Amino acid sequence: MGGGIADFELRRFERLGAADLASRLHGEGKQVNVDAEVDGIVGALAGRLSYATLTASKFTVDGMPVFLEAGTQRGSIGTLKLRFTDFSIRGLRVESLEADIPGCRFDLGSAQRKRKIKLTRSGVGTATARITETALADYIRLKYPAVKEVTVELKKHRAFVTGRAELLLLKTDFFVIASLVPQAGTQLWLEDAIVFLNDERVRDGSERRLLDTLNPVVDANRDLGLRSALVV
């Protein structure tokens with residue numbers, strides 16, 4: 001009897017979680033699933049989960065689809081696991097994102113009465129995102145209209161960026177060798193750069209105009225709407 005009730009509550013949470021996550025994602029082909037495990041029979045009734053895994057693929061999104069909201073903290077999740085693949089966030093194509101976030105809380109009353117999962121607290125976890133070189137180049141071109149053509153190659157913590165940009169109304173071929181460096185916790189910048197313009201290495205300050213055009217390559221808050229959820 002107790003096991004049946006626990007299983008019923010668990011399946012209910014999974015259905016609500018999947019429906020809530022799906023409502024925040026776009027794309028006709030999106031695939032969403034939630035898998036969870038309760039912390040014993042009493043845990044099911046009290047809203048205590050050992051873990052919850054949110055899986056989604058083939059979607060687009062305008063910002064972080066999982067974020068903190070106001071509410072009670074009666075429900076708990078030992079570890080919230082995000083497993084997202086093949087998606088796009090504000091024009092940046094992401095091959096995969098995996099995150100494990102401990103110590104999460106959710107509004108149990110909202111889940112029971114309003115059929116909505118509201119995450120109200122989270123701990124600090126780890127995340128790994130995979131973005132292809134082609135996707136990064138496409139995003140640079142989308143973000144910076146002055147960049148007309150660009151390719152990106154990443155080797156041993158160095159970025160090799162080749163392309164054509166419109167600088168001071170002149171189209172200029174460029175080649176940049178630089179480190180891709182985190183800044184301010186939410187940005188990626190090209191730093192320690194060697195810059196070639198029209199096949200000539202430049203060190204007279206003109207390279208700064210190009211670097212100012214390309215930096216920051218990605219700003220997780222301003223560009224992607226991640227609400228400081230990710231620290232680089």
# chains A, B, ... in the order shown; residues from 1 in each chain; ligands from 1
>>> residues_around(residues="Leu21 in chain A", least_positions_apart="4", cutoff="8 Å", atoms="only C-alpha atoms", output="MDAnalysis selection string")
chainID A and resid 17 25 32 65:66
>>> residues_around(residues="range 70-82 of chain A", least_positions_apart="4", cutoff="8 Å", atoms="only C-alpha atoms", output="ChimeraX atom specification")
/A:46-55,97-109,118,120-121
>>> write_last_selection(atoms="C-alpha atoms", output="mmCIF file, in the first residue's frame")
data_model
loop_
_atom_site.group_PDB
_atom_site.id
_atom_site.type_symbol
_atom_site.label_atom_id
_atom_site.label_comp_id
_atom_site.auth_asym_id
_atom_site.auth_seq_id
_atom_site.Cartn_x
_atom_site.Cartn_y
_atom_site.Cartn_z
ATOM 1 C CA ALA A 46 6.720 14.829 2.216
ATOM 2 C CA GLY A 47 8.188 15.809 -1.144
ATOM 3 C CA ARG A 48 11.718 14.547 -0.476
ATOM 4 C CA LEU A 49 13.550 13.293 -3.563
ATOM 5 C CA SER A 50 16.991 11.709 -3.663
ATOM 6 C CA TYR A 51 17.497 13.087 -7.153
ATOM 7 C CA ALA A 52 15.616 14.396 -10.160
ATOM 8 C CA THR A 53 17.019 14.215 -13.691
ATOM 9 C CA LEU A 54 15.678 16.662 -16.276
ATOM 10 C CA THR A 55 16.414 15.491 -19.815
ATOM 11 C CA LEU A 97 24.947 20.656 -21.234
ATOM 12 C CA GLU A 98 25.304 18.533 -18.115
ATOM 13 C CA ALA A 99 24.898 19.935 -14.611
ATOM 14 C CA ASP A 100 24.625 18.387 -11.148
ATOM 15 C CA ILE A 101 23.182 20.785 -8.576
ATOM 16 C CA PRO A 102 22.962 19.662 -4.925
ATOM 17 C CA GLY A 103 20.729 20.860 -2.116
ATOM 18 C CA CYS A 104 17.695 22.013 -4.103
ATOM 19 C CA ARG A 105 14.289 22.946 -2.724
ATOM 20 C CA PHE A 106 10.925 23.318 -4.423
ATOM 21 C CA ASP A 107 7.474 24.580 -3.475
ATOM 22 C CA LEU A 108 5.578 21.417 -2.555
ATOM 23 C CA GLY A 109 2.271 23.252 -2.184
ATOM 24 C CA LYS A 118 8.762 25.939 -8.640
ATOM 25 C CA THR A 120 12.990 27.913 -4.741
ATOM 26 C CA ARG A 121 16.575 27.187 -3.680
#
>>> atom_distance(atom1="CA of Met64 in chain A", atom2="CA of Gly225 in chain A")
6.4 Å
>>> residues_around(residues="range 168-177 of chain A", least_positions_apart="6", cutoff="6 Å", atoms="only C-alpha atoms", output="list in words")
Ala159, Phe160, Val161, Thr162, Ala193, Ile194, Val195, Phe196, Leu197 and Asn198 of chain A
>>> select_by_dssp(residues="range 166-229 of chain A", states="strand (DSSP E or B)", output="JSON, numbers by chain")
{"A": [166, 167, 170, 171, 172, 173, 174, 175, 176, 177, 178, 179, 180, 181, 182, 183, 187, 188, 189, 190, 191, 192, 193, 194, 195, 196, 197, 200, 201, 218, 219]}
>>> closest_residue(among="A:Leu188, A:Ser57, A:Asp219, A:Phe13", to="Arg115 in chain A", atoms="only C-alpha atoms")
A:Phe13
>>> atom_distance(atom1="CA of Lys148 in chain A", atom2="CA of Leu226 in chain A")
27.1 Å
>>> closest_residue(among="A:Thr126, A:Thr213, A:Thr134, A:Thr186", to="Val147 in chain A", atoms="only C-alpha atoms")
A:Thr213
>>> atom_distance(atom1="CA of Gly185 in chain A", atom2="CA of Gly123 in chain A")
17.1 Å
>>> residues_around(residues="Glu149 in chain A", least_positions_apart="6", cutoff="10 Å", atoms="only C-alpha atoms", output="PyMOL selection string")
chain A and resi 137-138+140-141+162-166+173-174
>>> write_last_selection(atoms="N, CA and C atoms", output="tab-separated table (two decimals), in the first residue's frame")
chain	number	residue	atom	x	y	z
A	137	ALA	N	31.59	29.93	-34.27
A	137	ALA	CA	31.79	30.85	-35.39
A	137	ALA	C	30.45	31.43	-35.86
A	138	ASP	N	29.44	30.59	-35.96
A	138	ASP	CA	28.11	31.06	-36.37
A	138	ASP	C	27.58	32.10	-35.38
A	140	ILE	N	29.39	34.11	-33.38
A	140	ILE	CA	30.14	35.37	-33.52
A	140	ILE	C	29.59	36.19	-34.67
A	141	ARG	N	29.31	35.53	-35.78
A	141	ARG	CA	28.77	36.23	-36.94
A	141	ARG	C	27.37	36.79	-36.66
A	162	THR	N	39.80	33.12	-37.90
A	162	THR	CA	40.09	33.66	-39.23
A	162	THR	C	38.81	34.21	-39.84
A	163	GLY	N	38.92	35.36	-40.51
A	163	GLY	CA	37.71	35.87	-41.13
A	163	GLY	C	37.90	37.21	-41.80
A	164	ARG	N	36.77	37.86	-42.01
A	164	ARG	CA	36.75	39.19	-42.62
A	164	ARG	C	35.77	40.05	-41.85
A	165	ALA	N	36.22	41.27	-41.54
A	165	ALA	CA	35.38	42.19	-40.78
A	165	ALA	C	35.39	43.56	-41.43
A	166	GLU	N	34.35	44.31	-41.16
A	166	GLU	CA	34.25	45.68	-41.66
A	166	GLU	C	34.68	46.61	-40.53
A	173	ASP	N	40.65	41.49	-43.93
A	173	ASP	CA	40.88	40.09	-43.59
A	173	ASP	C	41.69	40.03	-42.30
A	174	PHE	N	41.32	39.11	-41.42
A	174	PHE	CA	42.04	39.03	-40.15
A	174	PHE	C	42.33	37.58	-39.77
>>> residues_around(residues="Ala220 in chain A", least_positions_apart="5", cutoff="12 Å", atoms="only C-alpha atoms", output="list of chain:residue names")
A:Asp62, A:Gly63, A:Met64, A:Ile89, A:Arg90, A:Leu92, A:Pro182, A:Gln183, A:Ala184, A:Gly185, A:Thr186, A:Gln187, A:Leu188, A:Trp189, A:Gly225, A:Leu226, A:Arg227, A:Ser228, A:Ala229, A:Leu230, A:Val231, A:Val232
>>> residues_around(residues="Tyr139 in chain A", least_positions_apart="6", cutoff="12 Å", atoms="only C-alpha atoms", output="PyMOL selection string")
chain A and resi 88-94+131-133+145+147-152+214+216-219+223-224
